[in-house]
Structures are given as structure tokens and as C-alpha cells.
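**Q** Got a structure for you, run-v4.cif, holding mmCIF, C-alpha atoms and all ligand atoms.
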```cif
data_run
loop_
_atom_site.label_atom_id
_atom_site.label_comp_id
_atom_site.auth_asym_id
_atom_site.auth_seq_id
_atom_site.Cartn_x
_atom_site.Cartn_y
_atom_site.Cartn_z
CA MET A 1 10.42 10.45 -11.96
CA ALA A 2 8.84 13.81 -12.81
CA THR A 3 7.28 12.26 -15.91
CA LEU A 4 5.64 9.42 -14.04
CA LEU A 5 4.50 11.69 -11.24
CA ALA A 6 2.76 13.91 -13.78
CA VAL A 7 1.11 10.90 -15.39
CA LEU A 8 0.01 9.45 -12.05
CA THR A 9 -1.40 12.79 -10.93
CA LEU A 10 -3.36 13.07 -14.16
CA ALA A 11 -4.65 9.51 -13.86
CA THR A 12 -5.73 9.89 -10.24
CA SER A 13 -7.40 13.25 -10.79
CA ILE A 14 -9.55 11.85 -13.61
CA LEU A 15 -10.70 8.85 -11.60
CA ALA A 16 -13.11 8.98 -8.70
CA GLN A 17 -11.33 9.17 -5.36
CA ALA A 18 -12.81 6.30 -3.35
CA ASP A 19 -12.32 3.74 -6.08
CA PHE A 20 -10.26 0.85 -4.80
CA THR A 21 -10.36 -1.31 -7.93
CA GLY A 22 -8.13 -2.19 -10.86
CA THR A 23 -4.40 -1.66 -10.82
CA GLY A 24 -2.36 0.96 -9.01
CA THR A 25 0.40 1.81 -6.62
CA ILE A 26 0.06 2.32 -2.85
CA SER A 27 1.55 5.44 -1.29
CA VAL A 28 2.60 5.51 2.34
CA TRP A 29 1.74 8.76 4.13
CA ASN A 30 2.87 10.00 7.52
CA SER A 31 -0.55 10.50 9.09
CA SER A 32 -2.27 10.17 12.40
CA ASP A 33 -5.42 11.98 11.21
CA TRP A 34 -7.07 11.33 7.82
CA ARG A 35 -8.79 14.73 7.97
CA THR A 36 -5.52 16.65 7.71
CA ALA A 37 -3.37 14.23 5.68
CA THR A 38 -2.33 15.48 2.23
CA PRO A 39 0.03 14.20 -0.48
CA ALA A 40 2.69 16.39 1.15
CA SER A 41 2.72 13.78 3.96
CA SER A 42 3.92 11.08 1.55
CA LEU A 43 7.02 9.19 2.69
CA GLY A 44 7.17 6.51 0.00
CA CYS A 45 5.22 3.55 -1.32
CA LEU A 46 4.77 -0.18 -0.90
CA SER A 47 7.19 -2.43 -2.78
CA PRO A 48 6.13 -5.51 -4.79
CA THR A 49 6.57 -7.53 -1.58
CA GLY A 50 4.40 -5.14 0.45
CA LYS A 51 7.28 -3.46 2.26
CA PHE A 52 7.56 0.28 2.93
CA ILE A 53 10.17 1.81 0.60
CA ALA A 54 11.26 5.34 -0.37
CA PRO A 55 12.92 4.77 -3.74
CA SER A 56 14.47 7.47 -5.91
CA THR A 57 12.11 6.51 -8.74
CA ASN A 58 8.47 5.47 -8.53
CA ALA A 59 9.25 2.63 -10.93
CA ALA A 60 10.40 0.66 -7.85
CA CYS A 61 6.93 0.89 -6.28
CA GLY A 62 4.85 -2.29 -6.44
CA LEU A 63 2.11 -2.51 -9.01
CA PHE A 64 -0.94 -3.89 -7.20
CA THR A 65 -4.05 -5.39 -8.72
CA ARG A 66 -7.25 -5.83 -6.78
CA SER A 67 -9.24 -8.79 -7.98
CA ASP A 68 -12.88 -8.03 -8.74
CA THR A 69 -13.98 -11.44 -7.54
CA TYR A 70 -14.56 -12.55 -3.96
CA PRO A 71 -12.56 -12.45 -1.66
CA TYR A 72 -11.04 -9.58 -3.72
CA PRO A 73 -7.35 -10.44 -3.15
CA LEU A 74 -4.80 -7.70 -3.67
CA SER A 75 -1.71 -8.99 -5.44
CA THR A 76 1.54 -8.02 -7.11
CA LYS A 77 3.89 -10.05 -9.28
CA GLU A 78 5.13 -11.56 -5.99
CA GLY A 79 1.71 -13.01 -5.17
CA ASN A 80 -1.19 -12.27 -2.81
CA CYS A 81 -0.64 -9.59 -0.17
CA THR A 82 -1.56 -10.32 3.44
CA PHE A 83 -1.06 -9.55 7.12
CA ASP A 84 -1.56 -13.27 7.81
CA ASP A 85 1.83 -14.65 6.74
CA GLU A 86 3.18 -16.14 9.96
CA THR A 87 6.75 -16.18 8.63
CA GLN A 88 6.80 -12.37 8.83
CA GLU A 89 8.23 -10.47 11.79
CA ARG A 90 5.92 -9.41 14.61
CA ASN A 91 5.40 -5.87 15.91
CA THR A 92 7.06 -6.84 19.18
CA GLU A 93 7.29 -3.32 20.70
CA SER A 94 3.56 -2.72 20.31
CA TYR A 95 1.50 -3.56 23.42
CA HIS A 96 -1.73 -4.33 21.59
CA GLY A 97 -0.21 -5.36 18.25
CA SER A 98 2.59 -7.64 19.41
CA GLN A 99 0.99 -10.67 17.72
CA ASP A 100 0.63 -8.96 14.33
CA HIS A 101 2.70 -10.12 11.37
CA ALA A 102 4.17 -7.67 8.85
CA TYR A 103 2.49 -7.18 5.49
CA ASN A 104 3.88 -9.42 2.75
CA CYS A 105 3.06 -10.44 -0.82
CA LEU A 106 3.85 -14.07 -1.58
CA LYS A 107 2.91 -17.14 -3.56
CA PRO A 108 1.44 -19.52 -3.32
CA PHE A 109 -0.83 -17.96 -0.71
CA GLU A 110 -4.56 -18.37 -0.70
CA ALA A 111 -6.09 -15.01 0.17
CA ASP A 112 -9.08 -15.07 2.53
CA VAL A 113 -11.70 -12.43 3.37
CA ASN A 114 -9.18 -10.49 5.46
CA GLN A 115 -8.29 -7.96 2.72
CA LEU A 116 -7.59 -4.25 2.56
CA TYR A 117 -10.65 -2.12 1.73
CA THR A 118 -11.58 1.54 1.60
CA ILE A 119 -14.42 3.60 3.07
CA THR A 120 -16.61 6.05 1.17
CA GLY A 121 -16.28 9.64 2.36
CA PHE A 122 -12.54 9.88 2.71
CA PRO A 123 -10.93 12.71 0.74
CA TYR A 124 -8.41 10.20 -0.62
CA THR A 125 -8.67 6.45 -1.18
CA PHE A 126 -7.23 5.48 2.20
CA LEU A 127 -6.97 1.75 2.75
CA CYS A 128 -8.14 0.02 5.91
CA SER A 129 -7.73 -3.44 7.41
CA GLY A 130 -9.57 -5.51 9.99
CA ASP A 131 -12.15 -3.72 12.12
CA VAL A 132 -12.01 -0.25 10.49
CA ASP A 133 -8.32 0.15 11.12
CA CYS A 134 -7.26 2.78 8.57
CA TYR A 135 -3.84 3.48 10.12
CA PHE A 136 -0.64 1.46 10.06
CA ASP A 137 2.53 1.24 12.12
CA ALA A 138 6.18 1.14 11.03
CA ARG A 139 9.18 0.66 13.28
CA ALA A 140 11.46 2.49 10.84
CA VAL A 141 11.05 4.95 7.99
CA PRO A 142 13.22 4.20 4.94
CA ALA A 143 15.72 6.92 4.09
CA PRO A 144 14.60 8.83 0.96
CA GLY A 145 16.24 7.45 -2.17
CA SER A 146 17.70 4.47 -0.30
CA SER A 147 17.10 0.77 -0.89
CA ASP A 148 15.76 0.33 2.68
CA ALA A 149 12.60 -1.76 2.95
CA THR A 150 10.78 -1.87 6.28
CA SER A 151 7.79 -3.73 7.67
CA ILE A 152 4.33 -2.31 8.18
CA TRP A 153 1.72 -3.62 10.61
CA PRO A 154 -1.85 -2.57 11.44
CA PHE A 155 -1.97 0.29 13.96
CA ARG A 156 -3.31 -1.03 17.26
CA TRP A 157 -4.26 0.92 20.34
CA GLY A 158 -5.99 0.22 23.60
CA SER A 159 -6.00 0.98 27.30
CA GLN A 160 -2.33 0.02 27.72
CA GLN A 161 -1.07 2.02 24.73
CA LEU A 162 -3.37 4.76 23.47
CA GLY A 163 -1.25 6.07 20.62
CA ILE A 164 1.34 4.81 18.20
CA THR A 165 4.01 2.47 19.58
CA PRO A 166 6.73 4.71 21.08
CA GLY A 167 9.46 5.33 18.51
CA HIS A 168 7.29 4.05 15.64
CA THR A 169 5.58 6.11 12.92
CA MET A 170 1.83 6.17 12.31
CA LEU A 171 0.96 5.81 8.64
CA GLN A 172 -1.85 5.71 6.13
CA LEU A 173 -1.93 3.78 2.86
CA VAL A 174 -3.36 5.51 -0.20
CA TRP A 175 -4.49 3.84 -3.44
CA ASN A 176 -3.25 5.54 -6.61
CA LYS A 177 -5.31 3.94 -9.32
CA ILE A 178 -3.63 3.69 -12.70
CA ALA A 179 -6.03 1.57 -14.72
CA ASP A 180 -9.27 -0.35 -14.46
CA VAL A 181 -7.58 -3.52 -15.57
CA GLU A 182 -4.23 -5.04 -15.16
CA VAL A 183 -1.38 -3.13 -16.74
CA GLU A 184 2.02 -4.60 -17.22
CA LYS A 185 5.17 -2.73 -16.28
CA ARG A 186 8.25 -3.40 -18.37
CA ALA A 187 11.73 -1.91 -18.27
CA VAL A 188 12.87 -1.28 -21.85
CA ALA A 189 16.23 0.32 -22.68
CA GLY A 190 16.38 3.10 -20.09
CA ARG A 191 12.64 3.59 -19.70
CA VAL A 192 9.70 1.93 -18.07
CA GLU A 193 6.61 1.21 -20.12
CA TRP A 194 3.17 0.52 -18.71
CA ARG A 195 1.13 -1.52 -21.14
CA ARG A 196 -2.35 -2.93 -21.34
CA GLY A 197 -1.98 -5.78 -23.80
CA ALA A 198 -0.38 -4.27 -26.88
CA GLU A 199 -1.49 -0.76 -25.96
CA LEU A 200 1.19 1.53 -24.54
CA ARG A 201 -0.32 3.45 -21.61
CA GLU A 202 2.45 5.39 -19.92
CA VAL A 203 6.19 5.77 -20.21
CA GLU A 204 8.61 6.79 -17.51
CA VAL A 205 12.09 7.82 -18.57
CA MET A 206 14.53 6.52 -15.98
CA GLY A 207 17.35 8.48 -14.36
C1 LIG B 301 5.53 12.38 10.91
O1 LIG B 301 4.70 13.40 11.41
C2 LIG B 301 4.94 13.71 12.78
C3 LIG B 301 3.86 14.68 13.22
O2 LIG B 301 3.77 15.77 12.35
C4 LIG B 301 6.35 14.26 12.92
O3 LIG B 301 6.63 14.54 14.27
C5 LIG B 301 7.34 13.20 12.41
O4 LIG B 301 8.67 13.73 12.44
C6 LIG B 301 7.00 12.78 11.01
N1 LIG B 301 7.86 11.66 10.64
C7 LIG B 301 8.49 11.60 9.46
C8 LIG B 301 9.32 10.38 9.23
O5 LIG B 301 8.39 12.45 8.60
C1 LIG B 302 -4.53 -15.72 -4.30
O1 LIG B 302 -5.72 -15.92 -3.56
C2 LIG B 302 -6.81 -16.37 -4.34
C3 LIG B 302 -8.06 -16.36 -3.48
O2 LIG B 302 -7.92 -17.20 -2.37
C4 LIG B 302 -6.47 -17.72 -4.93
O3 LIG B 302 -7.54 -18.14 -5.75
C5 LIG B 302 -5.20 -17.61 -5.76
O4 LIG B 302 -4.81 -18.87 -6.24
C6 LIG B 302 -4.08 -17.02 -4.92
N1 LIG B 302 -2.92 -16.76 -5.77
C7 LIG B 302 -1.68 -17.20 -5.50
C8 LIG B 302 -0.64 -16.86 -6.51
O5 LIG B 302 -1.38 -17.84 -4.50
#
```
Could you render the structure from this file as C-alpha cells?
Ligand SMILES: *[C@@H]1O[C@H](CO)[C@@H](O)[C@H](O)[C@H]1NC(C)=O
Ligand SMILES: *[C@@H]1O[C@H](CO)[C@@H](O)[C@H](O)[C@H]1NC(C)=O
**A**
Amino acid sequence: MATLLAVLTLATSILAQADFTGTGTISVWNSSDWRTATPASSLGCLSPTGKFIAPSTNAACGLFTRSDTYPYPLSTKEGNCTFDDETQERNTESYHGSQDHAYNCLKPFEADVNQLYTITGFPYTFLCSGDVDCYFDARAVPAPGSSDATSIWPFRWGSQQLGITPGHTMLQLVWNKIADVEVEKRAVAGRVEWRRGAELREVEVMG
């Protein structure tokens, strides 16, 4: 894990911050204010199915690719990622978000214009959805190093519920760009290799 973290840190520090393109992972930060959020607020990442996980190794984090053609779908090996999959559980405890469906990556699923995006001026590449909603809501936080996977929804507020749903955690999603183009992640005899075509990009030694 230390090896990959070092590689990811190097990759993200070289690349411009508000650059939501190419391939990367998505960190999940405990944050209710983008101005004070730092990597120390990180609780985990999104899995290949778009669920919030806190794995013992970053190799379990989903590898996301943002298409550079309209409507710019974000996908993993599981398919296109969306808040519009009606098979996903709703945020029932939320007053204003009770109709929202959890994030999911699936196929086949035709992505529409309703995609995650970022905003210039953030200190990190925070992702937003809908009408400038750059915060998210989780009912549960996965235990560090566990195999727990929990749902995330957009953060909603309004006159009936001004803050985060009671008992839930307010989150931000952060893009960690790894490459401009798609890289492939492969587990090979005790290590994980990230390749672009035949070119070996990064290696993470497992365990
Ligand atoms: C998230 O941050 C809030 C405010 O600092 C804190 O009360 C809460 O315990 C944190 N939650 C987790 C899961 O770290
Ligand atoms: C993902 O969405 C795009 C854009 O709508 C579509 O062209 C593509 O076929 C979808 N992919 C899958 C695997 O469903």
C-alpha cells in the first residue's frame, strides 16, 4: 500500500489539480466544508461498483475512466456510473433526498448528461453532481480495512433539514488522476501492475 500511495501522490502532484479527465481513483473524504478539507479527512475510496469502501489496500479501489466525448460518462470495468439506477436503495432517512438512488456502476447502462463534474478554483479536484452539489451523504462509514461497502447519495438540504441527514456522514469525492488515457490494472503473482498497452506504468506490491 505504501508503494502505491507514493506513486499516486507523485502522479497527482505532477498533474494540474482541477483536471477531471483520463483515468483515476476517487477518494471519499469526511468533509462538510471544501475550504478546510485535506487528504487527512480521507475515509476510503469508491469501489468498481461505485460503493464507499475502506479497503486495506488501494488496489481494491475502482479504476474510473472519464470519457472525453459527450456526455462524458464515467465508467469502471463494471460499466457506467450513475445516480439514476432505480434498482439502487433510496436515502430514506433524508427529508429532501428520500427519492435519491445510491450511486452504482453497471452495464448495460446508457449514461446521460447527468454526470459528475468538477469546478475550477477548488484546491482539490472535488466532484459535484446535479445543481452544484459537491457534497455527498452516506448512511454508514465502512470500517477501515474491512470489506464493508456502503451506498452514497447526493447531499440534499432544504428548509426541513438544513444539514446532513441525522446519523449520516457528509462527504466529498476527490479525483486522483493516474493517467490521461485508460490504464489497465492487473493482479500478477502477488503484485498489481498498472499498464498502458504494453507499457508498465506502476506496480503495487501486495500485502
Ligand atoms: C467526520 O467529521 C466530523 C466533524 O469533524 C466528525 O464529528 C466525525 O466523527 C467524522 N466522521 C468520521 C467517520 O470520521
Ligand atoms: C455508457 O454510456 C454511453 C453514453 O450514453 C454509451 O454510449 C455506452 O454504450 C454505455 N456503456 C455501457 C457499457 O453501457
**Q** What is the distance, in Å and to one decimal place, between CA of Ala18 in chain A and CA of Ser151 in chain A?
**A**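 Calculated distance between CA of Ala18 in chain A and CA of Ser151 in chain A is 25.4 Å.
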**Q** What separation in Å, quoted to one decimal, exists between atom C4 of ligand LIG 301 (chain B) and CA of Thr57 in chain A?
**A**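 Interatomic distance, atom C4 of ligand LIG 301 (chain B) to CA of Thr57 in chain A: 23.7 Å.
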**Q** Kindly compile the residues surrounding ligand LIG 301 (chain B) within 7 Å, counting all atoms listed in the file, and format them as a list of chain:residue names.
**A**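 Going residue by residue within 7 Å of ligand LIG 301 (chain B), we get A:Asn30, A:Ser31, A:Leu43, A:Val141, A:Thr169.
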**Q** Output C-alpha atoms of each residue in that selection to a file, as a PDB file, in the frame of the given file.
**A**
```pdb
ATOM      1  CA  ASN A  30       2.870  10.000   7.520  1.00  0.00           C
ATOM      2  CA  SER A  31      -0.550  10.500   9.090  1.00  0.00           C
ATOM      3  CA  LEU A  43       7.020   9.190   2.690  1.00  0.00           C
ATOM      4  CA  VAL A 141      11.050   4.950   7.990  1.00  0.00           C
ATOM      5  CA  THR A 169       5.580   6.110  12.920  1.00  0.00           C
TER       6      THR A 169
END
```
**Q** Taking 6 positions as the minimum chain separation for residues in the same chain, which residues sit within 12 Å of Asp19 in chain A when counting all atoms listed in the file? Answer as a list in words.
**A**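 Skipping anything fewer than 6 positions along the chain leaves Thr12, Ser13, Arg66, Tyr117, Thr118, Ile119, Thr120, Gly121, Phe122, Pro123, Tyr124, Thr125, Phe126, Leu127, Val174, Trp175, Asn176, Lys177, Ile178, Ala179 and Asp180 of chain A.
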**Q** Go through the chains and note each residue within 8 Å of ligand LIG 302 (chain B), using all atoms listed in the file, then give the set as JSON, numbers by chain.
**A** {"A": [70, 71, 72, 73, 75, 78, 79, 80, 106, 107, 108, 109, 110, 111, 112]}
**Q** Please compute the CA of Thr76 in chain A-CA of Asn104 in chain A distance, one decimal, in Å.
**A** 10.2 Å
**Q** Could you list, as a PyMOL selection string, every residue within 6 Å of Gly44 in chain A, counting only C-alpha atoms and ignoring same-chain residues fewer than 4 positions away?
**A** chain A and resi 27-28+53-54
**Q** Mind listing as a PDB file with C-alpha atoms, in the frame of the given file all residues within 10 Å of (-2.3, 1.4, 10.4), counting all atoms listed in the file?
**A**
```pdb
ATOM      1  CA  SER A  31      -0.550  10.500   9.090  1.00  0.00           C
ATOM      2  CA  SER A  32      -2.270  10.170  12.400  1.00  0.00           C
ATOM      3  CA  LEU A 127      -6.970   1.750   2.750  1.00  0.00           C
ATOM      4  CA  CYS A 128      -8.140   0.020   5.910  1.00  0.00           C
ATOM      5  CA  SER A 129      -7.730  -3.440   7.410  1.00  0.00           C
ATOM      6  CA  VAL A 132     -12.010  -0.250  10.490  1.00  0.00           C
ATOM      7  CA  ASP A 133      -8.320   0.150  11.120  1.00  0.00           C
ATOM      8  CA  CYS A 134      -7.260   2.780   8.570  1.00  0.00           C
ATOM      9  CA  TYR A 135      -3.840   3.480  10.120  1.00  0.00           C
ATOM     10  CA  PHE A 136      -0.640   1.460  10.060  1.00  0.00           C
ATOM     11  CA  ASP A 137       2.530   1.240  12.120  1.00  0.00           C
ATOM     12  CA  ALA A 138       6.180   1.140  11.030  1.00  0.00           C
ATOM     13  CA  ILE A 152       4.330  -2.310   8.180  1.00  0.00           C
ATOM     14  CA  TRP A 153       1.720  -3.620  10.610  1.00  0.00           C
ATOM     15  CA  PRO A 154      -1.850  -2.570  11.440  1.00  0.00           C
ATOM     16  CA  PHE A 155      -1.970   0.290  13.960  1.00  0.00           C
ATOM     17  CA  ARG A 156      -3.310  -1.030  17.260  1.00  0.00           C
ATOM     18  CA  ILE A 164       1.340   4.810  18.200  1.00  0.00           C
ATOM     19  CA  THR A 169       5.580   6.110  12.920  1.00  0.00           C
ATOM     20  CA  MET A 170       1.830   6.170  12.310  1.00  0.00           C
ATOM     21  CA  LEU A 171       0.960   5.810   8.640  1.00  0.00           C
ATOM     22  CA  GLN A 172      -1.850   5.710   6.130  1.00  0.00           C
ATOM     23  CA  LEU A 173      -1.930   3.780   2.860  1.00  0.00           C
TER      24      LEU A 173
END
```
**Q** Find the axis-aligned box for range 37-46 of chain A, covering all its listed atoms and adding 4 Å on each side, and write its centre and edge lengths in Å to one decimal as lines of an AutoDock Vina configuration file.
**A**
```
center_x = 1.9
center_y = 8.1
center_z = 2.2
size_x = 18.5
size_y = 24.6
size_z = 15.0
```
**Q** At a cut-off of 6 Å around the point (-0.5, -2.0, -7.4) (file coordinates), what residues fall inside when counting only C-alpha atoms? I'd like the answer as a list in words.
**A**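 Checking each residue against the 6 Å limit leaves Thr23, Gly24, Thr25, Gly62, Leu63, Phe64 and Thr65 of chain A.
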**Q** Those same residues - C-alpha atoms - I'd like them written as a PDB file, keeping the file's coordinate frame.
**A**
```
ATOM      1  CA  THR A  23      -4.400  -1.660 -10.820  1.00  0.00           C
ATOM      2  CA  GLY A  24      -2.360   0.960  -9.010  1.00  0.00           C
ATOM      3  CA  THR A  25       0.400   1.810  -6.620  1.00  0.00           C
ATOM      4  CA  GLY A  62       4.850  -2.290  -6.440  1.00  0.00           C
ATOM      5  CA  LEU A  63       2.110  -2.510  -9.010  1.00  0.00           C
ATOM      6  CA  PHE A  64      -0.940  -3.890  -7.200  1.00  0.00           C
ATOM      7  CA  THR A  65      -4.050  -5.390  -8.720  1.00  0.00           C
TER       8      THR A  65
END
```
**Q** Could you pull the residues within 12 Å of Pro166 in chain A, counting all atoms listed in the file, minus those fewer than 5 positions along the same chain, as a PyMOL selection string?
**A** chain A and resi 91-95+137-140+157+161
**Q** Determine the nearest neighbour of Leu162 in chain A from the options A:Glu193, A:Asp148, A:Thr87, A:Gly97, counting all atoms listed in the file.
**A** A:Gly97
**Q** So, with only C-alpha atoms as the atoms that count, which of A:Gln88, A:Ser98, A:Ser159, A:Asn114 lies closest to Gly50 in chain A?
**A**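 Between A:Gln88, A:Ser98, A:Ser159, A:Asn114, the residue approaching Gly50 in chain A most closely is A:Gln88.
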**Q** Give the answer as one residue: which of A:Asp84, A:Pro144, A:Thr49, A:Val113 has the shortest atom-to-atom distance to Gln99 in chain A, using only C-alpha atoms?
**A**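 Selected residue with least distance to Gln99 in chain A: A:Asp84.
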**Q** Output as a CSV table (one decimal), in the frame of the given file: range 87-98 of chain A, completed with N, CA and C atoms.
**A**
```
chain,number,residue,atom,x,y,z
A,87,THR,N,5.3,-16.2,8.7
A,87,THR,CA,6.8,-16.2,8.6
A,87,THR,C,7.3,-14.7,8.8
A,88,GLN,N,6.4,-13.8,8.8
A,88,GLN,CA,6.8,-12.4,8.8
A,88,GLN,C,7.0,-11.9,10.3
A,89,GLU,N,7.9,-10.9,10.4
A,89,GLU,CA,8.2,-10.5,11.8
A,89,GLU,C,7.0,-9.8,12.5
A,90,ARG,N,7.0,-10.0,13.8
A,90,ARG,CA,5.9,-9.4,14.6
A,90,ARG,C,6.3,-8.0,15.1
A,91,ASN,N,5.2,-7.2,15.4
A,91,ASN,CA,5.4,-5.9,15.9
A,91,ASN,C,5.6,-5.9,17.4
A,92,THR,N,6.8,-6.5,17.8
A,92,THR,CA,7.1,-6.8,19.2
A,92,THR,C,7.0,-5.7,20.2
A,93,GLU,N,7.3,-4.4,19.7
A,93,GLU,CA,7.3,-3.3,20.7
A,93,GLU,C,5.9,-2.8,21.0
A,94,SER,N,4.9,-3.2,20.1
A,94,SER,CA,3.6,-2.7,20.3
A,94,SER,C,2.9,-3.5,21.4
A,95,TYR,N,2.2,-2.8,22.3
A,95,TYR,CA,1.5,-3.6,23.4
A,95,TYR,C,0.3,-4.4,22.9
A,96,HIS,N,-0.5,-3.7,22.1
A,96,HIS,CA,-1.7,-4.3,21.6
A,96,HIS,C,-1.5,-5.0,20.3
A,97,GLY,N,-0.4,-4.8,19.6
A,97,GLY,CA,-0.2,-5.4,18.2
A,97,GLY,C,0.9,-6.3,18.2
A,98,SER,N,1.4,-6.8,19.4
A,98,SER,CA,2.6,-7.6,19.4
A,98,SER,C,2.4,-9.0,18.7
```
